[in-house]
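What follows is input02.cif (mmCIF, N, CA and C atoms and all ligand atoms).
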```cif
data_data
loop_
_atom_site.label_atom_id
_atom_site.label_comp_id
_atom_site.auth_asym_id
_atom_site.auth_seq_id
_atom_site.Cartn_x
_atom_site.Cartn_y
_atom_site.Cartn_z
N MET A 207 -11.78 48.35 6.30
CA MET A 207 -10.72 47.92 5.40
C MET A 207 -9.65 47.20 6.23
N ASN A 208 -9.24 46.05 5.78
CA ASN A 208 -8.25 45.33 6.58
C ASN A 208 -6.85 45.92 6.41
N THR A 209 -5.95 45.54 7.33
CA THR A 209 -4.60 46.09 7.38
C THR A 209 -3.82 45.80 6.11
N GLU A 210 -3.91 44.59 5.59
CA GLU A 210 -3.16 44.22 4.39
C GLU A 210 -3.61 45.07 3.19
N ARG A 211 -4.91 45.29 3.09
CA ARG A 211 -5.43 46.09 1.98
C ARG A 211 -4.93 47.54 2.09
N ARG A 212 -4.90 48.07 3.31
CA ARG A 212 -4.39 49.44 3.51
C ARG A 212 -2.92 49.54 3.10
N LYS A 213 -2.13 48.53 3.51
CA LYS A 213 -0.70 48.54 3.15
C LYS A 213 -0.54 48.51 1.63
N PHE A 214 -1.35 47.67 0.96
CA PHE A 214 -1.25 47.56 -0.50
C PHE A 214 -1.59 48.91 -1.15
N ILE A 215 -2.67 49.53 -0.71
CA ILE A 215 -3.08 50.81 -1.30
C ILE A 215 -2.03 51.88 -1.05
N LYS A 216 -1.47 51.91 0.18
CA LYS A 216 -0.44 52.90 0.50
C LYS A 216 0.79 52.71 -0.38
N SER A 217 1.26 51.47 -0.52
CA SER A 217 2.46 51.25 -1.34
C SER A 217 2.17 51.54 -2.80
N SER A 218 0.97 51.23 -3.27
CA SER A 218 0.60 51.53 -4.66
C SER A 218 0.59 53.02 -4.91
N CYS A 219 0.06 53.78 -3.95
CA CYS A 219 0.01 55.24 -4.10
C CYS A 219 1.41 55.83 -4.15
N ASN A 220 2.31 55.33 -3.29
CA ASN A 220 3.70 55.81 -3.32
C ASN A 220 4.32 55.57 -4.68
N PHE A 221 4.08 54.40 -5.26
CA PHE A 221 4.63 54.09 -6.57
C PHE A 221 4.06 55.04 -7.63
N CYS A 222 2.75 55.29 -7.58
CA CYS A 222 2.12 56.17 -8.56
C CYS A 222 2.68 57.59 -8.46
N LEU A 223 2.90 58.06 -7.23
CA LEU A 223 3.46 59.40 -7.05
C LEU A 223 4.85 59.49 -7.66
N MET A 224 5.66 58.47 -7.45
CA MET A 224 7.02 58.50 -8.00
C MET A 224 6.98 58.40 -9.52
N ALA A 225 6.09 57.56 -10.06
CA ALA A 225 6.00 57.43 -11.51
C ALA A 225 5.55 58.75 -12.13
N ALA A 226 4.61 59.43 -11.49
CA ALA A 226 4.14 60.72 -11.99
C ALA A 226 5.24 61.77 -11.93
N GLY A 227 6.16 61.64 -11.01
CA GLY A 227 7.26 62.58 -10.86
C GLY A 227 8.42 62.29 -11.78
N GLY A 228 8.30 61.30 -12.65
CA GLY A 228 9.35 60.99 -13.59
C GLY A 228 10.35 59.97 -13.08
N PHE A 229 10.05 59.35 -11.94
CA PHE A 229 10.96 58.37 -11.38
C PHE A 229 10.51 56.98 -11.82
N LEU A 230 11.46 56.14 -12.01
CA LEU A 230 11.15 54.77 -12.34
C LEU A 230 11.84 53.88 -11.32
N LEU A 231 11.05 53.10 -10.64
CA LEU A 231 11.57 52.27 -9.57
C LEU A 231 11.56 50.82 -10.03
N SER A 232 12.66 50.17 -9.85
CA SER A 232 12.72 48.74 -10.14
C SER A 232 13.54 48.09 -9.05
N GLU A 233 13.71 46.83 -9.14
CA GLU A 233 14.45 46.11 -8.10
C GLU A 233 15.65 45.44 -8.73
N LEU A 234 16.78 45.59 -8.07
CA LEU A 234 18.01 44.96 -8.53
C LEU A 234 18.03 43.56 -7.95
N SER A 235 17.42 42.64 -8.68
CA SER A 235 17.23 41.30 -8.12
C SER A 235 18.51 40.48 -8.14
N ALA A 236 19.49 40.87 -8.93
CA ALA A 236 20.74 40.11 -8.97
C ALA A 236 21.56 40.33 -7.71
N CYS A 237 21.21 41.37 -6.96
CA CYS A 237 21.96 41.69 -5.75
C CYS A 237 21.41 40.92 -4.57
N SER A 238 22.23 40.72 -3.61
CA SER A 238 21.78 40.10 -2.38
C SER A 238 22.25 40.97 -1.24
N PRO A 239 21.44 41.56 -0.44
CA PRO A 239 19.99 41.51 -0.52
C PRO A 239 19.47 42.39 -1.64
N ALA A 240 18.20 42.18 -2.03
CA ALA A 240 17.60 42.95 -3.11
C ALA A 240 17.55 44.42 -2.73
N VAL A 241 17.94 45.27 -3.66
CA VAL A 241 17.96 46.71 -3.43
C VAL A 241 17.16 47.37 -4.54
N LYS A 242 16.34 48.33 -4.17
CA LYS A 242 15.53 49.06 -5.16
C LYS A 242 16.43 49.96 -6.00
N VAL A 243 16.12 50.05 -7.29
CA VAL A 243 16.84 50.93 -8.20
C VAL A 243 15.88 52.03 -8.64
N LEU A 244 16.30 53.26 -8.47
CA LEU A 244 15.46 54.40 -8.81
C LEU A 244 16.14 55.17 -9.94
N LYS A 245 15.50 55.21 -11.11
CA LYS A 245 16.03 55.97 -12.24
C LYS A 245 15.51 57.39 -12.11
N VAL A 246 16.43 58.36 -12.11
CA VAL A 246 16.03 59.75 -11.86
C VAL A 246 16.61 60.67 -12.94
N PRO A 247 15.87 61.71 -13.26
CA PRO A 247 16.42 62.72 -14.18
C PRO A 247 17.44 63.60 -13.45
N VAL A 248 18.42 64.10 -14.20
CA VAL A 248 19.39 65.04 -13.65
C VAL A 248 18.89 66.45 -13.95
N SER A 249 18.88 67.30 -12.94
CA SER A 249 18.46 68.69 -13.12
C SER A 249 19.60 69.58 -12.67
N GLY A 250 20.25 70.24 -13.64
CA GLY A 250 21.44 71.02 -13.31
C GLY A 250 22.51 70.07 -12.81
N ASN A 251 22.98 70.31 -11.61
CA ASN A 251 23.98 69.42 -11.00
C ASN A 251 23.41 68.63 -9.85
N THR A 252 22.10 68.39 -9.88
CA THR A 252 21.47 67.67 -8.78
C THR A 252 20.52 66.59 -9.28
N VAL A 253 20.27 65.63 -8.41
CA VAL A 253 19.15 64.71 -8.59
C VAL A 253 18.33 64.78 -7.30
N THR A 254 17.03 64.61 -7.45
CA THR A 254 16.10 64.72 -6.33
C THR A 254 15.36 63.40 -6.17
N ILE A 255 15.29 62.96 -4.93
CA ILE A 255 14.64 61.68 -4.63
C ILE A 255 13.53 61.94 -3.62
N PRO A 256 12.33 61.43 -3.88
CA PRO A 256 11.28 61.57 -2.85
C PRO A 256 11.64 60.71 -1.64
N LEU A 257 11.47 61.26 -0.46
CA LEU A 257 11.84 60.51 0.75
C LEU A 257 11.00 59.26 0.92
N ASN A 258 9.80 59.25 0.32
CA ASN A 258 8.99 58.04 0.47
C ASN A 258 9.56 56.87 -0.33
N ALA A 259 10.60 57.12 -1.14
CA ALA A 259 11.27 56.03 -1.84
C ALA A 259 11.98 55.11 -0.85
N PHE A 260 12.22 55.62 0.37
CA PHE A 260 12.88 54.80 1.39
C PHE A 260 11.88 54.05 2.27
N ALA A 261 10.60 54.10 1.90
CA ALA A 261 9.58 53.47 2.73
C ALA A 261 9.78 51.96 2.86
N SER A 262 10.34 51.36 1.81
CA SER A 262 10.49 49.90 1.85
C SER A 262 11.86 49.44 2.34
N GLY A 263 12.77 50.38 2.62
CA GLY A 263 14.08 49.99 3.11
C GLY A 263 15.03 51.16 3.16
N PRO A 264 16.15 51.04 3.90
CA PRO A 264 17.05 52.17 4.09
C PRO A 264 18.01 52.42 2.93
N GLN A 265 18.05 51.53 1.94
CA GLN A 265 19.03 51.71 0.86
C GLN A 265 18.36 51.72 -0.51
N LEU A 266 18.86 52.60 -1.37
CA LEU A 266 18.42 52.68 -2.76
C LEU A 266 19.65 52.78 -3.66
N ILE A 267 19.51 52.28 -4.85
CA ILE A 267 20.50 52.55 -5.88
C ILE A 267 19.87 53.58 -6.81
N VAL A 268 20.53 54.73 -6.94
CA VAL A 268 20.02 55.81 -7.77
C VAL A 268 20.78 55.79 -9.10
N ARG A 269 20.03 55.80 -10.17
CA ARG A 269 20.62 55.75 -11.52
C ARG A 269 20.29 57.04 -12.25
N PRO A 270 21.18 58.05 -12.17
CA PRO A 270 20.90 59.33 -12.85
C PRO A 270 20.87 59.15 -14.37
N SER A 271 19.93 59.78 -15.03
CA SER A 271 19.82 59.64 -16.48
C SER A 271 21.09 60.15 -17.16
N GLY A 272 21.59 59.39 -18.11
CA GLY A 272 22.78 59.78 -18.86
C GLY A 272 24.08 59.46 -18.15
N TRP A 273 24.03 58.90 -16.98
CA TRP A 273 25.24 58.53 -16.25
C TRP A 273 25.52 57.05 -16.41
N TYR A 274 26.79 56.70 -16.49
CA TYR A 274 27.17 55.29 -16.55
C TYR A 274 27.16 54.68 -15.16
N TYR A 275 27.54 55.45 -14.15
CA TYR A 275 27.68 54.92 -12.80
C TYR A 275 26.44 55.23 -11.96
N ASP A 276 26.16 54.33 -11.03
CA ASP A 276 25.06 54.50 -10.09
C ASP A 276 25.56 55.20 -8.83
N ILE A 277 24.60 55.59 -7.99
CA ILE A 277 24.89 56.17 -6.69
C ILE A 277 24.13 55.34 -5.65
N ALA A 278 24.82 54.90 -4.63
CA ALA A 278 24.17 54.17 -3.54
C ALA A 278 23.78 55.19 -2.48
N VAL A 279 22.50 55.24 -2.15
CA VAL A 279 22.01 56.18 -1.14
C VAL A 279 21.46 55.37 0.02
N ARG A 280 21.91 55.73 1.21
CA ARG A 280 21.49 54.98 2.38
C ARG A 280 21.01 55.94 3.46
N LYS A 281 19.86 55.61 4.01
CA LYS A 281 19.33 56.38 5.14
C LYS A 281 20.02 55.87 6.39
N LYS A 282 20.61 56.82 7.12
CA LYS A 282 21.32 56.45 8.33
C LYS A 282 20.53 56.90 9.54
N GLU A 283 21.12 56.78 10.70
CA GLU A 283 20.42 57.19 11.92
C GLU A 283 20.19 58.70 11.93
N LYS A 284 19.22 59.12 12.73
CA LYS A 284 18.89 60.54 12.92
C LYS A 284 18.54 61.24 11.60
N ASN A 285 17.89 60.52 10.70
CA ASN A 285 17.40 61.10 9.46
C ASN A 285 18.50 61.75 8.62
N THR A 286 19.66 61.13 8.58
CA THR A 286 20.73 61.58 7.70
C THR A 286 20.88 60.57 6.57
N TYR A 287 21.45 61.04 5.47
CA TYR A 287 21.59 60.20 4.28
C TYR A 287 23.03 60.26 3.78
N GLU A 288 23.46 59.14 3.20
CA GLU A 288 24.80 59.06 2.64
C GLU A 288 24.67 58.65 1.18
N ALA A 289 25.37 59.35 0.29
CA ALA A 289 25.31 59.05 -1.14
C ALA A 289 26.73 58.75 -1.63
N LEU A 290 26.95 57.51 -2.06
CA LEU A 290 28.27 57.07 -2.51
C LEU A 290 28.27 56.78 -4.01
N PHE A 291 29.31 57.24 -4.67
CA PHE A 291 29.48 57.03 -6.11
C PHE A 291 30.00 55.62 -6.31
N LEU A 292 29.27 54.81 -7.07
CA LEU A 292 29.65 53.40 -7.24
C LEU A 292 30.62 53.21 -8.40
N GLN A 293 31.69 53.99 -8.35
CA GLN A 293 32.79 53.86 -9.30
C GLN A 293 34.01 53.37 -8.52
N CYS A 294 34.56 52.24 -8.93
CA CYS A 294 35.73 51.70 -8.23
C CYS A 294 36.88 52.71 -8.30
N THR A 295 37.56 52.90 -7.18
CA THR A 295 38.66 53.85 -7.13
C THR A 295 39.97 53.25 -7.64
N HIS A 296 39.94 51.99 -8.08
CA HIS A 296 41.13 51.40 -8.67
C HIS A 296 41.21 51.78 -10.15
N GLN A 297 40.28 51.26 -10.96
CA GLN A 297 40.31 51.57 -12.39
C GLN A 297 38.91 51.87 -12.92
N GLN A 298 38.08 52.47 -12.08
CA GLN A 298 36.80 53.06 -12.48
C GLN A 298 35.75 52.07 -12.98
N ASN A 299 35.80 50.83 -12.55
CA ASN A 299 34.75 49.89 -12.92
C ASN A 299 33.49 50.18 -12.10
N GLN A 300 32.33 49.87 -12.66
CA GLN A 300 31.06 49.99 -11.93
C GLN A 300 31.04 48.97 -10.79
N LEU A 301 30.67 49.41 -9.59
CA LEU A 301 30.58 48.52 -8.44
C LEU A 301 29.18 47.93 -8.35
N VAL A 302 29.08 46.81 -7.65
CA VAL A 302 27.78 46.19 -7.39
C VAL A 302 27.61 46.04 -5.89
N VAL A 303 26.35 45.95 -5.48
CA VAL A 303 26.03 45.80 -4.06
C VAL A 303 26.29 44.36 -3.66
N ASP A 304 26.89 44.18 -2.49
CA ASP A 304 26.98 42.84 -1.92
C ASP A 304 26.51 42.92 -0.46
N PRO A 305 26.36 41.81 0.21
CA PRO A 305 25.78 41.85 1.56
C PRO A 305 26.58 42.69 2.56
N HIS A 306 27.86 42.96 2.29
CA HIS A 306 28.69 43.71 3.24
C HIS A 306 29.00 45.13 2.77
N GLY A 307 28.53 45.50 1.60
CA GLY A 307 28.82 46.83 1.07
C GLY A 307 28.78 46.78 -0.45
N TYR A 308 29.96 47.00 -1.05
CA TYR A 308 30.03 47.07 -2.52
C TYR A 308 31.28 46.35 -2.98
N LYS A 309 31.20 45.75 -4.14
CA LYS A 309 32.37 45.03 -4.64
C LYS A 309 32.57 45.32 -6.12
N CYS A 310 33.81 45.13 -6.53
CA CYS A 310 34.19 45.33 -7.92
C CYS A 310 34.49 43.96 -8.52
N ASN A 311 33.81 43.65 -9.59
CA ASN A 311 34.00 42.33 -10.20
C ASN A 311 35.18 42.29 -11.16
N LEU A 312 35.86 43.43 -11.37
CA LEU A 312 36.98 43.43 -12.31
C LEU A 312 38.25 42.87 -11.68
N HIS A 313 38.66 43.41 -10.53
CA HIS A 313 39.88 42.92 -9.88
C HIS A 313 39.64 42.54 -8.42
N GLY A 314 38.41 42.60 -7.95
CA GLY A 314 38.09 42.07 -6.62
C GLY A 314 38.11 43.05 -5.46
N SER A 315 38.22 44.34 -5.69
CA SER A 315 38.18 45.27 -4.56
C SER A 315 36.83 45.20 -3.87
N GLN A 316 36.86 45.44 -2.56
CA GLN A 316 35.62 45.47 -1.77
C GLN A 316 35.62 46.71 -0.90
N PHE A 317 34.44 47.27 -0.74
CA PHE A 317 34.23 48.47 0.06
C PHE A 317 33.13 48.17 1.07
N ASP A 318 33.25 48.74 2.28
CA ASP A 318 32.18 48.54 3.25
C ASP A 318 31.02 49.47 2.93
N GLU A 319 29.96 49.41 3.72
CA GLU A 319 28.76 50.21 3.40
C GLU A 319 28.99 51.70 3.59
N ASP A 320 30.12 52.10 4.21
CA ASP A 320 30.47 53.52 4.30
C ASP A 320 31.44 53.94 3.21
N GLY A 321 31.79 53.01 2.32
CA GLY A 321 32.66 53.32 1.20
C GLY A 321 34.15 53.17 1.49
N LYS A 322 34.50 52.66 2.66
CA LYS A 322 35.92 52.46 2.98
C LYS A 322 36.41 51.17 2.34
N VAL A 323 37.69 51.17 1.93
CA VAL A 323 38.27 49.99 1.30
C VAL A 323 38.43 48.89 2.34
N VAL A 324 37.89 47.72 2.01
CA VAL A 324 38.04 46.53 2.86
C VAL A 324 39.10 45.62 2.25
N LYS A 325 39.13 45.59 0.91
CA LYS A 325 40.10 44.74 0.20
C LYS A 325 40.50 45.44 -1.09
N GLY A 326 41.80 45.49 -1.37
CA GLY A 326 42.32 46.12 -2.58
C GLY A 326 42.18 45.22 -3.78
N PRO A 327 42.70 45.68 -4.89
CA PRO A 327 43.75 46.68 -5.06
C PRO A 327 43.33 48.14 -4.91
N ALA A 328 42.06 48.47 -4.85
CA ALA A 328 41.68 49.88 -4.67
C ALA A 328 42.30 50.40 -3.38
N GLY A 329 42.75 51.65 -3.41
CA GLY A 329 43.43 52.21 -2.24
C GLY A 329 42.70 53.40 -1.62
N ARG A 330 41.69 53.91 -2.30
CA ARG A 330 40.97 55.09 -1.79
C ARG A 330 39.50 54.75 -1.55
N PRO A 331 38.88 55.42 -0.58
CA PRO A 331 37.45 55.19 -0.34
C PRO A 331 36.60 55.73 -1.49
N LEU A 332 35.35 55.36 -1.51
CA LEU A 332 34.43 55.83 -2.56
C LEU A 332 34.13 57.31 -2.39
N LYS A 333 33.90 57.97 -3.52
CA LYS A 333 33.51 59.39 -3.50
C LYS A 333 32.14 59.51 -2.85
N ARG A 334 32.01 60.54 -2.04
CA ARG A 334 30.75 60.80 -1.32
C ARG A 334 30.16 62.10 -1.84
N PHE A 335 28.88 62.10 -2.15
CA PHE A 335 28.21 63.32 -2.61
C PHE A 335 27.54 64.02 -1.44
N ASN A 336 27.50 65.33 -1.49
CA ASN A 336 26.77 66.10 -0.48
C ASN A 336 25.27 65.92 -0.71
N THR A 337 24.53 65.89 0.39
CA THR A 337 23.08 65.76 0.30
C THR A 337 22.41 66.85 1.13
N THR A 338 21.21 67.21 0.72
CA THR A 338 20.39 68.19 1.44
C THR A 338 19.00 67.59 1.58
N ILE A 339 18.41 67.74 2.75
CA ILE A 339 17.07 67.21 2.97
C ILE A 339 16.06 68.33 2.90
N GLY A 340 15.04 68.14 2.03
CA GLY A 340 13.93 69.08 1.96
C GLY A 340 12.75 68.52 2.72
N PRO A 341 11.58 69.16 2.62
CA PRO A 341 10.42 68.70 3.38
C PRO A 341 10.03 67.26 3.05
N ASP A 342 10.10 66.89 1.79
CA ASP A 342 9.73 65.52 1.43
C ASP A 342 10.64 64.94 0.36
N GLN A 343 11.85 65.50 0.26
CA GLN A 343 12.77 65.01 -0.76
C GLN A 343 14.23 65.12 -0.32
N LEU A 344 15.04 64.30 -0.95
CA LEU A 344 16.48 64.34 -0.72
C LEU A 344 17.13 64.85 -2.00
N ILE A 345 17.99 65.84 -1.86
CA ILE A 345 18.69 66.41 -3.02
C ILE A 345 20.15 66.00 -2.94
N ILE A 346 20.64 65.41 -4.02
CA ILE A 346 22.04 65.00 -4.08
C ILE A 346 22.77 65.95 -5.00
N GLN A 347 23.83 66.57 -4.49
CA GLN A 347 24.66 67.48 -5.28
C GLN A 347 25.68 66.63 -6.04
N LEU A 348 25.61 66.64 -7.37
CA LEU A 348 26.49 65.79 -8.16
C LEU A 348 27.88 66.40 -8.33
N LYS A 349 27.99 67.70 -8.17
CA LYS A 349 29.30 68.37 -8.24
C LYS A 349 29.53 69.08 -6.92
N ASP A 350 30.80 69.24 -6.58
CA ASP A 350 31.15 69.92 -5.32
C ASP A 350 30.83 71.39 -5.37
S1 LIG B 1 38.74 48.37 -11.25
FE1 LIG B 1 37.90 47.74 -9.38
S2 LIG B 1 39.43 46.51 -8.48
FE2 LIG B 1 40.28 47.15 -10.35
#
```

Just give me the structure of the file as structure tokens.
Amino acid sequence: MNTERRKFIKSSCNFCLMAAGGFLLSELSACSPAVKVLKVPVSGNTVTIPLNAFASGPQLIVRPSGWYYDIAVRKKEKNTYEALFLQCTHQQNQLVVDPHGYKCNLHGSQFDEDGKVVKGPAGRPLKRFNTTIGPDQLIIQLKD
């Protein structure tokens, strides 16, 4: 079996596993660079993401069911993860991904990829959710 065929089968299997687990993966093509969007069910105060969802890149946009706002999840060095609430800290507008982090299209605030304010009027960094790593999944605590 050639290498390209193996890669195709592997990526197809990852997608099937996520679909069977109730996850829906799509791509946010309006963003630059393109970022995968993972729709996930909320269980109690947590959402769970299979770690293989990061196989195609270090960043995902997580869309918890029933939530208006997304969560940006990024795999960092040493197998750590950061989960940022994409709600603008100025007047609660939904943020979008941009090449340098996140931006608000309502009044122009910009945040870096760690959620720090780069440009106001927002004055506070983005809310960060606690995460826990399991054997093959990442758990995001939605409440403190
Ligand atoms: S709501 Fe985001 S800058 Fe005002």

A:Ala259, A:Ile339, A:Val302, A:Cys294: which is nearest ligand LIG 1 (chain B), counting only N, CA and C atoms and all ligand atoms? A:Cys294

Within 8 Å of (19.9, 50.4, -8.7) in the file's own coordinates, which protein, DNA or RNA residues have an atom, counting only N, CA and C atoms? List them as an NGL selection string. :A and (232-234 or 241-245 or 266-269 or 276-278)

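CA of Gln343 in chain A lies 26.9 Å from atom N of Lys309 in chain A.
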
Surrounding residues as a PDB file with N, CA and C atoms, in the coordinates of the input, ligand LIG 1 (chain B), max 6.5 Å, all atoms listed in the file:
```
ATOM      1  N   CYS A 294      34.560  52.240  -8.930  1.00  0.00           N
ATOM      2  CA  CYS A 294      35.730  51.700  -8.230  1.00  0.00           C
ATOM      3  C   CYS A 294      36.880  52.710  -8.300  1.00  0.00           C
ATOM      4  N   THR A 295      37.560  52.900  -7.180  1.00  0.00           N
ATOM      5  CA  THR A 295      38.660  53.850  -7.130  1.00  0.00           C
ATOM      6  C   THR A 295      39.970  53.250  -7.640  1.00  0.00           C
ATOM      7  N   HIS A 296      39.940  51.990  -8.080  1.00  0.00           N
ATOM      8  CA  HIS A 296      41.130  51.400  -8.670  1.00  0.00           C
ATOM      9  C   HIS A 296      41.210  51.780 -10.150  1.00  0.00           C
ATOM     10  N   GLN A 297      40.280  51.260 -10.960  1.00  0.00           N
ATOM     11  CA  GLN A 297      40.310  51.570 -12.390  1.00  0.00           C
ATOM     12  C   GLN A 297      38.910  51.870 -12.920  1.00  0.00           C
ATOM     13  N   GLN A 298      38.080  52.470 -12.080  1.00  0.00           N
ATOM     14  CA  GLN A 298      36.800  53.060 -12.480  1.00  0.00           C
ATOM     15  C   GLN A 298      35.750  52.070 -12.980  1.00  0.00           C
ATOM     16  N   ASN A 299      35.800  50.830 -12.550  1.00  0.00           N
ATOM     17  CA  ASN A 299      34.750  49.890 -12.920  1.00  0.00           C
ATOM     18  C   ASN A 299      33.490  50.180 -12.100  1.00  0.00           C
ATOM     19  N   CYS A 310      33.810  45.130  -6.530  1.00  0.00           N
ATOM     20  CA  CYS A 310      34.190  45.330  -7.920  1.00  0.00           C
ATOM     21  C   CYS A 310      34.490  43.960  -8.520  1.00  0.00           C
ATOM     22  N   ASN A 311      33.810  43.650  -9.590  1.00  0.00           N
ATOM     23  CA  ASN A 311      34.000  42.330 -10.200  1.00  0.00           C
ATOM     24  C   ASN A 311      35.180  42.290 -11.160  1.00  0.00           C
ATOM     25  N   LEU A 312      35.860  43.430 -11.370  1.00  0.00           N
ATOM     26  CA  LEU A 312      36.980  43.430 -12.310  1.00  0.00           C
ATOM     27  C   LEU A 312      38.250  42.870 -11.680  1.00  0.00           C
ATOM     28  N   HIS A 313      38.660  43.410 -10.530  1.00  0.00           N
ATOM     29  CA  HIS A 313      39.880  42.920  -9.880  1.00  0.00           C
ATOM     30  C   HIS A 313      39.640  42.540  -8.420  1.00  0.00           C
ATOM     31  N   GLY A 314      38.410  42.600  -7.950  1.00  0.00           N
ATOM     32  CA  GLY A 314      38.090  42.070  -6.620  1.00  0.00           C
ATOM     33  C   GLY A 314      38.110  43.050  -5.460  1.00  0.00           C
ATOM     34  N   SER A 315      38.220  44.340  -5.690  1.00  0.00           N
ATOM     35  CA  SER A 315      38.180  45.270  -4.560  1.00  0.00           C
ATOM     36  C   SER A 315      36.830  45.200  -3.870  1.00  0.00           C
ATOM     37  N   GLY A 326      41.800  45.490  -1.370  1.00  0.00           N
ATOM     38  CA  GLY A 326      42.320  46.120  -2.580  1.00  0.00           C
ATOM     39  C   GLY A 326      42.180  45.220  -3.780  1.00  0.00           C
ATOM     40  N   PRO A 327      42.700  45.680  -4.890  1.00  0.00           N
ATOM     41  CA  PRO A 327      43.750  46.680  -5.060  1.00  0.00           C
ATOM     42  C   PRO A 327      43.330  48.140  -4.910  1.00  0.00           C
ATOM     43  N   ALA A 328      42.060  48.470  -4.850  1.00  0.00           N
ATOM     44  CA  ALA A 328      41.680  49.880  -4.670  1.00  0.00           C
ATOM     45  C   ALA A 328      42.300  50.400  -3.380  1.00  0.00           C
TER      46      ALA A 328
END
```

Kindly give the distance, in Å, that separates CA of Gln293 in chain A and atom C of Val253 in chain A, rounded to a single decimal. 18.2 Å

Which residues, written as an mmCIF file with N, CA and C atoms, in the frame of the given file, have at least one atom at most 5 Å from Thr337 in chain A, with all atoms listed in the file counted and residues fewer than 4 positions away on the same chain left out?
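Result file follows (around-v9.cif):
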```cif
data_model
loop_
_atom_site.group_PDB
_atom_site.id
_atom_site.type_symbol
_atom_site.label_atom_id
_atom_site.label_comp_id
_atom_site.auth_asym_id
_atom_site.auth_seq_id
_atom_site.Cartn_x
_atom_site.Cartn_y
_atom_site.Cartn_z
ATOM 1 N N ILE A 345 17.990 65.840 -1.860
ATOM 2 C CA ILE A 345 18.690 66.410 -3.020
ATOM 3 C C ILE A 345 20.150 66.000 -2.940
ATOM 4 N N ILE A 346 20.640 65.410 -4.020
ATOM 5 C CA ILE A 346 22.040 65.000 -4.080
ATOM 6 C C ILE A 346 22.770 65.950 -5.000
ATOM 7 N N GLN A 347 23.830 66.570 -4.490
ATOM 8 C CA GLN A 347 24.660 67.480 -5.280
ATOM 9 C C GLN A 347 25.680 66.630 -6.040
#
```

Please identify all polymer residues within 7 Å of Asp318 in chain A, counting only N, CA and C atoms, omitting same-chain residues fewer than 4 positions from it, and present them as a ChimeraX atom specification. /A:306-308,322-325

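For the residues A:Lys281, A:Phe317, A:Leu348, A:Gly329, ranking by smallest atom-to-atom distance to Phe260 in chain A using all atoms listed in the file places A:Lys281 first.
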
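The two atoms in question, CA of Leu344 in chain A and atom N of Arg330 in chain A, are spaced 27.3 Å apart.
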
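Environment of (24.8, 64.6, -13.9): residues at most 8 Å away, judged by only N, CA and C atoms, are Pro247, Val248, Ser249, Gly250, Asn251, Thr252, Val253, Pro270, Ser271, Gly272, Trp273, Leu348 and Lys349 of chain A.
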
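For range 285-291 of chain A, the set of protein, DNA and RNA residues having any atom at most 5 Å away, when counting all atoms listed in the file and skipping those fewer than 5 positions along the same chain, is A:Ile277, A:Ala278, A:Val279, A:Arg280, A:Lys333, A:Arg334, A:Phe335.
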
Taking all atoms of range 256-265 of chain A that the file lists, what box with edges along x, y and z, padded by 8 Å per side, do you get, with centre and edge lengths in Å to one decimal, as AutoDock Vina command-line options?
```
--center_x 14.0 --center_y 55.5 --center_z 0.1 --size_x 26.0 --size_y 28.1 --size_z 24.0
```

Taking the DSSP secondary structure from the backbone, can you list the residues of range 259-296 of chain A that are helix (DSSP H, G or I), as number ranges by chain? A: 259-260, 283-285

Using all atoms listed in the file, the best pick from A:Pro331, A:Ala261, A:Tyr274, A:Val246 as closest to Gln300 in chain A would be A:Tyr274

Out of range 232-319 of chain A, which residues get strand (DSSP E) from DSSP, as a PyMOL selection string? chain A and resi 232-234+241-246+252-256+265-270+277-281+287-291+302-304+307-309+316-318
